Every structure is written in C-alpha cells, then in structure tokens.
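Here is the file input_16.txt (compact mmCIF, C-alpha atoms).
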# COMPACT_ATOMS: atom_id res chain seq x y z
CA MET A 1 69.27 90.67 90.77
CA THR A 2 67.23 90.50 87.58
CA PRO A 3 69.53 89.66 84.70
CA PRO A 4 69.35 91.93 81.67
CA SER A 5 66.77 90.65 79.22
CA LEU A 6 68.17 88.40 76.56
CA THR A 7 66.13 89.48 73.61
CA GLU A 8 68.63 89.31 70.75
CA PRO A 9 68.35 85.97 68.97
CA LEU A 10 71.74 84.24 68.70
CA ARG A 11 72.75 81.69 66.10
CA PRO A 12 73.57 78.28 67.64
CA ALA A 13 77.29 78.51 66.80
CA THR A 14 77.45 82.02 68.24
CA LYS A 15 75.59 80.96 71.35
CA HIS A 16 78.01 78.12 71.95
CA ALA A 17 81.10 80.31 71.45
CA LEU A 18 79.60 82.95 73.72
CA GLU A 19 78.94 80.37 76.45
CA LEU A 20 82.61 79.35 76.37
CA LEU A 21 83.70 82.99 76.51
CA LEU A 22 81.45 83.73 79.51
CA LEU A 23 82.63 80.57 81.27
CA ALA A 24 86.29 81.45 80.67
CA MET A 25 85.85 85.00 81.95
CA ALA A 26 83.76 83.98 84.96
CA ASP A 27 86.14 81.20 85.99
CA ASP A 28 89.14 83.53 85.60
CA GLU A 29 87.58 86.17 87.85
CA PHE A 30 86.40 83.59 90.35
CA VAL A 31 89.75 81.85 90.68
CA ILE A 32 91.90 84.99 90.93
CA GLY A 33 89.39 86.58 93.32
CA PHE A 34 89.36 83.53 95.53
CA THR A 35 93.13 82.99 95.48
CA ASP A 36 94.01 86.57 96.29
CA SER A 37 91.47 86.69 99.12
CA GLU A 38 93.92 84.35 100.86
CA TRP A 39 95.98 87.47 101.64
CA THR A 40 93.25 88.81 103.91
CA GLY A 41 94.87 89.20 107.30
CA ILE A 42 98.41 88.22 106.24
CA ALA A 43 99.41 90.73 103.52
CA PRO A 44 102.81 92.48 103.93
CA MET A 45 101.10 95.64 105.23
CA LEU A 46 97.70 96.63 106.55
CA GLU A 47 96.83 98.71 103.46
CA GLU A 48 97.36 95.63 101.33
CA ASP A 49 95.13 93.53 103.54
CA VAL A 50 92.37 95.99 102.80
CA ALA A 51 93.26 96.38 99.11
CA MET A 52 93.55 92.64 98.36
CA SER A 53 90.28 91.93 100.15
CA SER A 54 88.52 94.69 98.23
CA LEU A 55 90.00 93.54 94.90
CA ALA A 56 88.90 89.99 95.67
CA GLN A 57 85.39 91.21 96.48
CA ASP A 58 85.22 93.04 93.15
CA GLU A 59 86.43 89.98 91.21
CA LEU A 60 83.98 87.62 92.92
CA GLY A 61 81.19 90.10 92.14
CA HIS A 62 82.21 90.15 88.47
CA ALA A 63 82.35 86.34 88.44
CA GLN A 64 78.87 86.13 89.93
CA ALA A 65 77.42 88.54 87.34
CA LEU A 66 79.10 86.59 84.50
CA TYR A 67 77.86 83.23 85.84
CA ARG A 68 74.36 84.72 85.96
CA LEU A 69 74.56 85.75 82.32
CA LEU A 70 75.82 82.28 81.48
CA ALA A 71 73.00 80.61 83.40
CA GLU A 72 70.45 82.74 81.50
CA LEU A 73 72.04 81.78 78.20
CA VAL A 74 72.43 78.05 78.87
CA GLU A 75 68.93 77.72 80.40
CA ASP A 76 69.40 74.19 81.74
CA GLY A 77 68.17 74.83 85.27
CA ARG A 78 71.58 75.60 86.75
CA ASP A 79 72.03 78.92 88.54
CA ALA A 80 75.17 81.02 89.06
CA ASP A 81 76.15 79.03 92.18
CA ALA A 82 75.84 75.74 90.32
CA PHE A 83 78.27 76.99 87.68
CA ALA A 84 80.65 78.35 90.31
CA TYR A 85 80.67 75.38 92.67
CA ASP A 86 79.25 72.21 91.18
CA ARG A 87 81.77 71.46 88.46
CA PRO A 88 84.70 69.07 89.04
CA PRO A 89 88.14 70.73 89.20
CA GLU A 90 89.15 69.27 85.85
CA GLY A 91 86.14 71.00 84.28
CA SER A 92 87.20 74.46 85.42
CA TYR A 93 87.86 76.71 82.44
CA HIS A 94 90.17 79.32 83.93
CA ALA A 95 93.53 80.17 82.34
CA ARG A 96 96.56 78.19 83.51
CA LEU A 97 98.19 81.44 84.61
CA LEU A 98 95.75 81.35 87.52
CA ASP A 99 96.68 77.75 88.39
CA HIS A 100 99.83 79.05 90.02
CA PRO A 101 99.36 79.36 93.78
CA ARG A 102 99.53 82.79 95.36
CA GLY A 103 103.08 82.02 96.52
CA ASP A 104 104.99 84.97 97.94
CA TRP A 105 104.03 88.61 97.38
CA ALA A 106 106.13 88.83 94.21
CA ASN A 107 104.32 85.82 92.72
CA THR A 108 100.99 87.41 93.52
CA ILE A 109 101.99 90.72 91.94
CA ALA A 110 103.48 89.09 88.81
CA ARG A 111 100.44 86.92 88.24
CA ARG A 112 97.94 89.66 88.92
CA TYR A 113 99.74 92.19 86.72
CA LEU A 114 99.69 89.80 83.75
CA TYR A 115 96.07 88.89 84.46
CA GLU A 116 94.75 92.45 84.90
CA THR A 117 96.44 93.77 81.76
CA ALA A 118 95.26 90.80 79.64
CA ASP A 119 91.75 91.05 81.08
CA ASP A 120 91.69 94.75 80.26
CA VAL A 121 92.51 94.04 76.60
CA ARG A 122 89.75 91.41 76.58
CA LEU A 123 87.18 93.73 78.20
CA GLU A 124 88.07 96.53 75.80
CA ALA A 125 87.39 94.17 72.87
CA LEU A 126 83.93 93.41 74.31
CA SER A 127 82.88 96.91 75.30
CA ASP A 128 81.22 97.85 72.00
CA GLY A 129 80.00 94.31 71.51
CA GLY A 130 76.75 93.48 69.79
CA TRP A 131 75.39 91.37 72.62
CA ARG A 132 73.90 93.98 74.86
CA PRO A 133 73.75 92.07 78.19
CA LEU A 134 77.50 91.48 78.10
CA ALA A 135 78.43 94.90 76.71
CA ASP A 136 76.36 96.56 79.50
CA LEU A 137 78.07 94.51 82.19
CA VAL A 138 81.53 95.09 80.71
CA ALA A 139 80.97 98.86 80.70
CA LYS A 140 80.31 98.71 84.42
CA VAL A 141 83.13 96.26 85.20
CA ARG A 142 85.73 98.38 83.37
CA ARG A 143 85.02 101.33 85.66
CA GLU A 144 86.04 99.18 88.62
CA GLU A 145 88.98 97.50 86.91
CA ARG A 146 90.63 100.89 86.36
CA TYR A 147 91.47 100.91 90.05
CA HIS A 148 92.85 97.37 89.89
CA LEU A 149 95.14 98.28 86.99
CA MET A 150 96.43 101.40 88.71
CA HIS A 151 97.09 99.52 91.92
CA ILE A 152 98.87 96.53 90.41
CA ALA A 153 100.96 98.69 88.04
CA ALA A 154 102.20 100.68 91.04
CA TRP A 155 103.25 97.44 92.77
CA LEU A 156 105.02 96.09 89.71
CA GLU A 157 107.09 99.29 89.48
CA ARG A 158 107.79 99.28 93.18
CA LEU A 159 109.19 95.75 93.19
CA ALA A 160 111.03 96.11 89.87
CA GLU A 161 112.78 99.33 90.82
CA ARG A 162 113.99 98.15 94.21
CA SER A 163 117.25 96.33 93.58
CA GLY A 164 118.10 93.25 95.62
CA GLU A 165 115.50 90.89 96.98
CA PRO A 166 112.27 92.59 95.76
CA ARG A 167 113.48 92.75 92.16
CA GLU A 168 115.05 89.29 92.24
CA ARG A 169 111.86 87.75 93.54
CA LEU A 170 109.73 89.56 90.93
CA VAL A 171 111.94 88.43 88.04
CA ALA A 172 111.96 84.87 89.38
CA ALA A 173 108.16 84.96 89.70
CA LEU A 174 107.72 86.15 86.10
CA GLU A 175 110.13 83.51 84.81
CA LYS A 176 108.45 80.75 86.78
CA LEU A 177 105.15 81.37 84.97
CA GLY A 178 106.77 80.18 81.72
CA THR A 179 104.39 79.49 78.88
CA ASP A 180 101.38 79.85 81.22
CA ALA A 181 101.90 83.63 81.30
CA ALA A 182 99.96 84.27 78.09
CA THR A 183 97.08 81.82 78.64
CA VAL A 184 94.38 84.42 79.47
CA LEU A 185 94.27 85.54 75.84
CA ALA A 186 94.68 82.07 74.33
CA PRO A 187 92.28 81.54 71.42
CA LEU A 188 88.92 80.10 72.46
CA PRO A 189 87.21 77.52 70.25
CA ARG A 190 85.39 79.29 67.39
CA ASP A 191 86.19 82.79 68.60
CA GLU A 192 86.03 83.89 64.95
CA VAL A 193 82.24 83.42 65.15
CA LEU A 194 82.08 86.03 67.93
CA VAL A 195 84.11 88.42 65.79
CA ARG A 196 81.90 87.78 62.76
CA ASP A 197 78.77 88.54 64.79
CA GLY A 198 80.20 91.72 66.29
CA ILE A 199 80.37 90.50 69.90
CA LEU A 200 84.18 90.52 70.12
CA ALA A 201 86.18 93.24 68.33
CA ALA A 202 89.07 91.00 67.25
CA PRO A 203 90.18 87.35 67.50
CA PHE A 204 92.28 86.35 70.50
CA THR A 205 95.50 86.09 68.47
CA GLU A 206 95.09 89.81 67.75
CA LEU A 207 94.25 90.54 71.40
CA ASP A 208 97.46 88.78 72.43
CA ARG A 209 99.38 91.03 70.01
CA ARG A 210 97.71 94.15 71.50
CA TRP A 211 98.55 92.97 75.02
CA ARG A 212 102.25 92.48 74.18
CA GLU A 213 102.35 95.86 72.45
CA ARG A 214 101.08 97.40 75.66
CA LEU A 215 103.46 95.49 77.96
CA GLN A 216 106.60 95.96 75.85
CA PRO A 217 107.44 99.59 76.78
CA VAL A 218 106.74 98.95 80.49
CA PHE A 219 108.78 95.75 80.60
CA ASP A 220 111.61 97.32 78.56
CA ARG A 221 111.81 100.29 80.91
CA LEU A 222 111.75 98.08 84.00
CA ARG A 223 114.08 95.48 82.36
CA LEU A 224 111.67 92.63 83.06
CA PRO A 225 111.33 89.41 81.02
CA MET A 226 108.37 89.58 78.61
CA PRO A 227 105.81 86.75 78.92
CA ALA A 228 106.77 83.68 76.88
CA GLU A 229 104.74 82.90 73.77
CA LEU A 230 101.85 80.51 74.23
CA SER A 231 103.07 77.02 73.40
CA GLU A 232 99.94 74.85 73.41
CA PRO A 233 96.77 76.93 73.01
CA ILE A 234 94.63 73.82 73.38
CA ARG A 235 95.93 73.28 76.93
CA ALA A 236 95.61 76.93 77.97
CA ARG A 237 92.49 76.22 80.05
CA ALA A 238 93.00 72.51 80.80
CA ASP A 239 95.16 70.13 82.86
CA HIS A 240 94.90 72.20 86.02
CA SER A 241 97.53 72.07 88.73
CA GLU A 242 97.57 70.34 92.08
CA ALA A 243 97.50 73.79 93.71
CA PHE A 244 94.20 74.53 91.95
CA ARG A 245 92.74 71.22 93.08
CA ARG A 246 93.46 72.20 96.68
CA LEU A 247 91.89 75.62 96.11
CA HIS A 248 88.84 73.99 94.49
CA ASP A 249 88.47 71.71 97.50
CA GLU A 250 88.53 74.73 99.77
CA PHE A 251 86.11 76.96 97.92
CA ASN A 252 83.61 74.13 97.76
CA ALA A 253 83.82 73.36 101.46
CA VAL A 254 80.68 75.26 102.51
CA ARG A 255 78.74 74.09 99.47
CA ARG A 256 79.53 70.45 100.32
CA ILE A 257 78.31 70.87 103.89
CA ASP A 258 75.17 72.85 103.06
CA ARG A 259 74.01 73.22 99.46
CA VAL A 260 71.53 75.97 100.20
CA ALA A 261 73.70 78.07 102.53
CA THR A 262 73.42 81.80 101.89
CA TRP A 263 75.44 84.72 103.18
CA MET B 1 59.33 102.97 82.08
CA VAL B 2 55.58 103.34 81.78
CA THR B 3 54.08 105.49 84.48
CA LEU B 4 50.35 105.39 85.03
CA ALA B 5 48.40 107.11 87.74
CA ALA B 6 46.58 104.40 89.70
CA GLY B 7 44.47 105.37 92.61
CA PRO B 8 45.01 107.93 95.33
CA GLY B 9 48.52 108.20 96.74
CA LEU B 10 50.00 105.97 94.08
CA ASP B 11 51.89 108.47 92.00
CA GLU B 12 55.54 108.68 91.14
CA ALA B 13 56.22 111.72 93.34
CA ALA B 14 54.82 109.95 96.40
CA ILE B 15 56.90 106.85 95.68
CA ARG B 16 60.02 108.90 95.07
CA ALA B 17 59.44 110.73 98.38
CA ALA B 18 59.16 107.37 100.13
CA LEU B 19 62.35 106.12 98.46
CA ALA B 20 64.12 109.27 99.70
CA GLU B 21 63.59 107.83 103.20
CA VAL B 22 65.35 104.53 102.44
CA PRO B 23 68.92 104.80 103.73
CA ASP B 24 71.91 103.19 102.06
CA PRO B 25 73.00 100.38 104.42
CA GLU B 26 76.70 101.23 104.19
CA ILE B 27 76.44 105.04 104.26
CA PRO B 28 73.15 105.68 106.07
CA VAL B 29 73.35 109.49 105.82
CA LEU B 30 72.48 108.97 102.15
CA SER B 31 69.21 107.65 100.78
CA VAL B 32 68.94 105.53 97.66
CA VAL B 33 67.64 108.69 95.92
CA ASP B 34 70.64 110.79 97.08
CA LEU B 35 72.94 108.10 95.69
CA GLY B 36 71.20 108.19 92.32
CA LEU B 37 70.36 104.50 92.45
CA VAL B 38 66.79 104.90 91.16
CA HIS B 39 66.71 104.22 87.42
CA GLY B 40 62.98 103.83 86.94
CA ILE B 41 59.64 103.61 88.71
CA ALA B 42 56.75 101.75 87.11
CA ILE B 43 53.28 102.16 88.51
CA GLU B 44 50.59 99.69 87.52
CA PRO B 45 47.18 99.09 89.11
CA ASP B 46 48.40 95.95 90.84
CA ARG B 47 52.14 96.50 91.34
CA ILE B 48 54.95 98.97 91.78
CA GLY B 49 58.20 98.25 89.94
CA VAL B 50 61.42 99.93 91.05
CA GLU B 51 64.53 99.53 88.91
CA LEU B 52 67.84 100.32 90.64
CA LEU B 53 71.43 100.69 89.41
CA PRO B 54 74.01 98.88 91.60
CA THR B 55 76.93 101.11 92.60
CA PHE B 56 79.36 98.19 92.27
CA VAL B 57 78.90 94.88 90.44
CA GLY B 58 79.65 92.86 93.55
CA CYS B 59 78.02 95.17 96.09
CA PRO B 60 76.99 92.90 98.98
CA ALA B 61 74.36 95.41 100.16
CA LEU B 62 72.00 94.86 97.21
CA ASP B 63 69.74 92.37 98.97
CA VAL B 64 69.53 94.63 102.02
CA ILE B 65 68.61 97.57 99.77
CA ARG B 66 65.99 95.48 97.99
CA GLY B 67 64.46 94.49 101.31
CA ALA B 68 64.48 98.06 102.65
CA VAL B 69 62.77 99.41 99.51
CA GLU B 70 60.11 96.69 99.62
CA GLU B 71 59.47 97.37 103.28
CA ARG B 72 59.20 101.14 102.86
CA LEU B 73 56.84 100.88 99.87
CA ALA B 74 54.65 98.20 101.47
CA SER B 75 52.34 100.93 102.83
CA PHE B 76 51.19 101.70 99.27
CA GLY B 77 49.22 98.46 99.50
CA VAL B 78 50.30 96.75 96.26
CA PRO B 79 53.11 94.24 95.61
CA VAL B 80 56.52 95.85 95.08
CA GLU B 81 59.07 94.44 92.66
CA VAL B 82 62.64 95.64 92.98
CA SER B 83 65.10 94.82 90.20
CA PHE B 84 68.69 95.78 89.38
CA THR B 85 70.00 96.55 85.91
CA TRP B 86 73.29 97.29 84.12
CA HIS B 87 71.53 99.00 81.20
CA GLU B 88 73.07 102.22 82.32
CA PRO B 89 76.23 102.06 84.44
CA TRP B 90 75.85 103.76 87.80
CA THR B 91 78.54 106.39 88.13
CA SER B 92 79.51 108.52 91.11
CA ASP B 93 78.30 111.57 89.13
CA ARG B 94 74.77 110.34 89.87
CA ILE B 95 75.06 111.35 93.54
CA THR B 96 72.80 114.37 93.93
CA PRO B 97 74.00 117.80 95.19
CA ASP B 98 72.08 117.07 98.42
CA GLY B 99 73.83 113.75 98.70
CA ARG B 100 77.24 115.34 98.19
CA ARG B 101 76.50 117.89 100.89
CA ARG B 102 75.39 115.15 103.32
CA LEU B 103 78.54 113.16 102.63
CA ARG B 104 80.73 116.19 103.38
CA GLU B 105 78.80 117.01 106.56
CA SER B 106 79.43 113.51 107.86
CA GLY B 107 83.20 113.80 107.29
CA PHE B 108 83.18 111.84 104.07
CA ALA B 109 84.66 113.39 100.91
CA PRO B 110 82.27 113.25 97.95
CA PRO B 111 83.68 111.73 94.73
CA SER B 112 85.55 113.95 92.28
CA PRO B 113 83.31 114.76 89.31
CA LEU B 114 83.97 112.58 86.27
CA GLY B 115 82.11 114.65 83.70
CA GLU B 116 80.45 113.26 80.62
CA GLY B 117 82.44 110.49 78.97
CA SER B 118 85.72 111.47 80.59
CA PRO B 119 88.06 108.72 81.75
CA ILE B 120 88.11 107.96 85.43
CA ALA B 121 90.31 110.57 87.02
CA LEU B 122 92.58 109.12 89.66
CA ASP B 123 94.78 112.12 90.38
CA VAL B 124 92.18 114.86 90.86
CA PRO B 125 92.70 116.66 94.20
CA VAL B 126 90.05 115.73 96.73
CA PRO B 127 89.36 118.50 99.29
CA CYS B 128 89.50 117.47 102.94
CA PRO B 129 85.94 117.18 104.33
CA ILE B 130 87.18 118.34 107.73
CA CYS B 131 89.28 121.48 107.01
CA GLY B 132 88.67 122.01 103.28
CA SER B 133 92.36 121.92 102.31
CA ARG B 134 93.19 120.52 98.90
CA ARG B 135 96.52 119.22 100.17
CA THR B 136 95.35 115.66 100.57
CA ILE B 137 96.98 112.43 99.44
CA LEU B 138 95.67 109.01 98.47
CA GLU B 139 96.61 106.51 101.17
CA ASN B 140 94.81 103.55 99.69
CA ALA B 141 92.61 103.31 96.60
CA PHE B 142 90.73 100.57 98.45
CA GLY B 143 88.85 101.03 101.67
CA PRO B 144 86.48 99.27 104.07
CA THR B 145 83.82 98.91 101.38
CA GLN B 146 84.10 98.67 97.59
CA CYS B 147 82.98 102.27 97.09
CA ARG B 148 85.48 103.97 99.44
CA THR B 149 89.10 105.07 99.28
CA ILE B 150 91.29 106.23 102.17
CA ARG B 151 92.99 109.63 102.01
CA TYR B 152 95.08 111.74 104.37
CA CYS B 153 95.00 115.52 104.80
CA THR B 154 98.50 116.97 105.18
CA ALA B 155 97.04 120.28 106.43
CA CYS B 156 94.93 119.11 109.39
CA ARG B 157 96.69 115.73 109.61
CA GLN B 158 93.53 113.70 109.61
CA PRO B 159 92.86 110.52 107.68
CA PHE B 160 89.48 110.49 105.99
CA GLU B 161 87.40 108.40 103.64
CA ALA B 162 86.43 109.51 100.17
CA PHE B 163 83.80 108.07 97.88
CA LYS B 164 85.47 106.35 94.90
CA ALA B 165 84.99 108.17 91.62
CA VAL B 166 83.70 105.48 89.27

Please rewrite the model in this file as structure tokens.
Amino acid sequence: MTPPSLTEPLRPATKHALELLLLAMADDEFVIGFTDSEWTGIAPMLEEDVAMSSLAQDELGHAQALYRLLAELVEDGRDADAFAYDRPPEGSYHARLLDHPRGDWANTIARRYLYETADDVRLEALSDGGWRPLADLVAKVRREERYHLMHIAAWLERLAERSGEPRERLVAALEKLGTDAATVLAPLPRDEVLVRDGILAAPFTELDRRWRERLQPVFDRLRLPMPAELSEPIRARADHSEAFRRLHDEFNAVRRIDRVATW
Amino acid sequence: MVTLAAGPGLDEAAIRAALAEVPDPEIPVLSVVDLGLVHGIAIEPDRIGVELLPTFVGCPALDVIRGAVEERLASFGVPVEVSFTWHEPWTSDRITPDGRRRLRESGFAPPSPLGEGSPIALDVPVPCPICGSRRTILENAFGPTQCRTIRYCTACRQPFEAFKAV
C-alpha cells in the first residue's frame, strides 16, 4: 500500500496535535477490533460469529491504515506494525471505554454501541477536513462504518426491548461503564489547533454534545441510562485496566516470537 | 496520470486488456477491471505504474492482487509498480455492467446502485440471482468476506450472497 502523498505543509503544533489524533483513532480501532474478534467461534449465534469477525476485520483494517498515516507523519523509522505492537501497554492511547473486557454479549453490545456512535460523530467532523490524506481515508471508512452502525443499533434495540434478562443485562452493562462511557470524545491535547487549521470541524467538547444529542431520543425511547459525563478528561486515555494488559499480552504474542512474521 | 506511448505493444489499451485477465482472488469470475479497481495507468519508457482503489480498507486480498497484476504485466518487459490509493473512494457503483452480469450468472447478487452522492441504501430490494424474485430478505449484513452480505429468497427458498453496496 502506498500511503497518500503528504504534500501539505503542517505547522509543528498542528502536526503534533494531528499525531495524537491519529494515534487515538488507530488505537481505538485496533483495541475494539481485537477484543471483539474474541467472539469468533463462540458468539450466541452463527450469524454473529460471522458478523463479529467481519466487523473486527474492518476495524483492524482501519487501524492499519491510520497507523500507516501516522508512521508517514512521524517519520522516525517506525512502521505501522511498530506503532501497533511495540509500545508498552501503559503507552496505549485508546479510550478507557475500550478497556472494559468483552464480558457477556450485553457488555459487548453496550460498549460497541457507545463506541460506534461516538466514532461516527468523530469521523463526520473529519470528513471535510483540510488534511487530505486523512479526509480521503475517512470518506472510505465511513462507507464501511454505516454497516456497523446499522448492525449495532439493531442489537441495542433487540436487547432493550426484550424484558427480563436481556434488558437487565444491557442496563447493567451500560451502568457498569460509568464515567468511562464518554471517553472516546474526551478532549485531546491542543485539539483547538486542529479546529483552527480546518482539520477537525469542531472541538471535542462540541462533538460530545452532538453525540449526546443523537443518543438522547434513542435512549429515552428505549428507557436506557444515558452515558455519565466525563469526570477526568486527562485520564480518558490513560491508566489502562488489568483486562487491557492481558489483551495487550495476547495481541503481542506472535510479534514477541517472530518480529518479522507476516500473514 | 500521464500516459505516453512508449514502444510497440506498450499502450494503455493493451495494458487494460491484460488487466481484464487478472481475476479478483475472492470472486474470480470478476477481473480487476470488472470490479472498477483500476484508477490510473501510467506508461513511461522504463516502467508501468498501475494505481488501484481498494474495495475495503482492510481487504486482505490486496497483496495477492498486487502480485497478480505484476505477474500478468511482466510480459510487457518493463518494471511494473502497483500502488493503492484512497484519493477516490471505491464504491460498488464502479462495478461495470459486464461485471454485474458475471456476478448474477454465478449466483451472486450484484450490489444495489447507490447513485451519485446518495447515502448508502440498506433497505433497497435485492433481486434473487437464482429466480429473479424481489422478495428477498437480509439474513446478515456481514458475510464470508468484507464485501459480501447474506440474503434469503422467500420465493425460491434459497440463501444467496449479495455484494455489499458501499
């Protein structure tokens, strides 16, 4: 894959903010893709085995493309694999929402619903962005994410509308996420620079507002608890859980055995 | 892309004809030309450049496609460079009429047309490739590869695969 040419000159502050944005997005896609691939073979029904595996494949593909853009931007000799695999678990920059283990099916649906809707608001804010390599990729990614949104929304409704255990488990899963629920759209350092330079349409505080505006009618109708407000934005992508450390250990297993292994 | 004539046999039509013989690894009844993957062909005295549009961002077949294109064009006698780009998003509307016909003939429903700038339609009826009935339902938006969905025809009671409209 030849990355899109990076011809537009970026100011140093913009470049730094953009690197953090790409890292956050890539790590988010990588971690949710990897976690949900754990359902392959053991999902509640065969269709979901296929769907979860396909979703995971999409997300890992998006992560790879984002890591490639990042590698091109950082230009320090690291490639996409180095960004994906060679950082210690405490250096991972994914949102704490994704630190929660896949748990039962309700946990998986709750987490993925919040992630997909927040990611959609983020992608929308980047789609007319002034940095062409990212805007081009986002245009392509959004076409695929439409299917993810449709799929996960159908599952949320299905669990919420079935009284008894399915609904109880879904509500419990949403409540368990606590203040981690809104971490995907937590402000990134200097995101105002990206807004100023036309890469991001609005600051993350505004994206969080848009996300809640979108969720409110759905959650009201289904009588589900809205995500709690973010309590400590600075910790939104730090202090990762023990569950993530185990996941990190697992997704690095092949890399540790053979650094140059290819598929 | 710049296109320059360079020696006998090295013209865009000849290269395009050769590319029309490169099958897609996942749906071999279609060539990379039928799928609308070819974004640009650059002919220079000492190289051929082929720019392709990936159907999906994480398509695992890209390296296989790159290899197959390089192998098929090797007979032109100059180095071949295959690259992929997002400059223009590949959409399922890029599948040619020939490609759509070949899909149908192999029992595979072609994607519903998206039209220019329209949102991705998820509820458009997809005719059954086996009996032609429009009474088909979506069984799973996700299938054995990223680009396929699984549908069921309530008229002839056959499951079938349809190309995802993206």

If we count all atoms listed in the file, which residues of chain B reach to within 10 Å of chain A? Please list them as a ChimeraX atom specification.
/B:51-52,54-60,62-63,66,82-91,119-122,139-150,164-166

So what do you get for CA of Asp220 (chain A) versus CA of Ala172 (chain A), distance-wise?
16.5 Å

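Pairwise distance (CA of Ala106 (chain A), CA of Tyr152 (chain B)) equals 27.4 Å.
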
Edge lengths and centre in Å, axis-aligned, region 86-104 of chain B plus 4 Å each side, as lines of an AutoDock Vina configuration file:
center_x = 76.1
center_y = 107.6
center_z = 92.3
size_x = 17.2
size_y = 28.6
size_z = 30.2

Please provide as a ChimeraX atom specification all residues within 10 Å of region 19-26 of chain A, with the sequence filter that same-chain residues fewer than 4 positions apart are discarded (counting all atoms listed in the file).
/A:13-15,30-31,59-71,73-74,80,83-84,92-95,119,122-123,134,184,188-191,194,200,237

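Reported to one decimal place, the separation of CA of Arg94 (chain B) from CA of Glu71 (chain B) is 24.1 Å.
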
List as a PyMOL selection string the protein and nucleic acid residues near Ala181 (chain A), meaning an atom at most 6 Å away when only C-alpha atoms are counted, but skip any in the same chain fewer than 4 places from it.
chain A and resi 97+177+227

Excluding same-chain residues fewer than 4 positions from Cys156 (chain B), what lies within 10 Å of it counting all atoms listed in the file, as a PyMOL selection string?
chain B and resi 128+130-133+135-136+152

Kindly save the residues from that selection, with C-alpha atoms included, as a tab-separated table (two decimals), in the coordinates of the input.
chain	number	residue	atom	x	y	z
B	128	CYS	CA	89.50	117.47	102.94
B	130	ILE	CA	87.18	118.34	107.73
B	131	CYS	CA	89.28	121.48	107.01
B	132	GLY	CA	88.67	122.01	103.28
B	133	SER	CA	92.36	121.92	102.31
B	135	ARG	CA	96.52	119.22	100.17
B	136	THR	CA	95.35	115.66	100.57
B	152	TYR	CA	95.08	111.74	104.37

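Excluding Ile137 (chain B) and any residue on its chain fewer than 4 positions from it, the residues at most 10 Å away by all atoms listed in the file are Asp123, Pro125, Val126, Pro127, Cys128, Ile150, Arg151, Tyr152, Cys153, Thr154 and Pro159 of chain B.
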
Limited to C-alpha atoms, could you put the picked residues into a file as a PDB file, keeping the file's coordinate frame?
ATOM      1  CA  ASP B 123      94.780 112.120  90.380  1.00  0.00           C
ATOM      2  CA  PRO B 125      92.700 116.660  94.200  1.00  0.00           C
ATOM      3  CA  VAL B 126      90.050 115.730  96.730  1.00  0.00           C
ATOM      4  CA  PRO B 127      89.360 118.500  99.290  1.00  0.00           C
ATOM      5  CA  CYS B 128      89.500 117.470 102.940  1.00  0.00           C
ATOM      6  CA  ILE B 150      91.290 106.230 102.170  1.00  0.00           C
ATOM      7  CA  ARG B 151      92.990 109.630 102.010  1.00  0.00           C
ATOM      8  CA  TYR B 152      95.080 111.740 104.370  1.00  0.00           C
ATOM      9  CA  CYS B 153      95.000 115.520 104.800  1.00  0.00           C
ATOM     10  CA  THR B 154      98.500 116.970 105.180  1.00  0.00           C
ATOM     11  CA  PRO B 159      92.860 110.520 107.680  1.00  0.00           C
TER      12      PRO B 159
END

Taking the point (76.7, 95.6, 104.6) as given in the file, collect each protein or nucleic acid residue that comes within 8 Å of it, counting all atoms listed in the file, and present the set as a PyMOL selection string.
chain B and resi 25-26+60-61+64

All residues 8 Å or closer to region 8-17 of chain B, only C-alpha atoms, same chain fewer than 5 positions away omitted, as a ChimeraX atom specification:
/B:3,33,41,43,73,76

Would you output that residue set with C-alpha atoms, as a PDB file, keeping the file's coordinate frame?
ATOM      1  CA  THR B   3      54.080 105.490  84.480  1.00  0.00           C
ATOM      2  CA  VAL B  33      67.640 108.690  95.920  1.00  0.00           C
ATOM      3  CA  ILE B  41      59.640 103.610  88.710  1.00  0.00           C
ATOM      4  CA  ILE B  43      53.280 102.160  88.510  1.00  0.00           C
ATOM      5  CA  LEU B  73      56.840 100.880  99.870  1.00  0.00           C
ATOM      6  CA  PHE B  76      51.190 101.700  99.270  1.00  0.00           C
TER       7      PHE B  76
END

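Counting all atoms listed in the file, the residue from A:Arg96, A:Arg158, A:Arg102, A:Arg87 that sits nearest to Ser241 (chain A) is A:Arg96.
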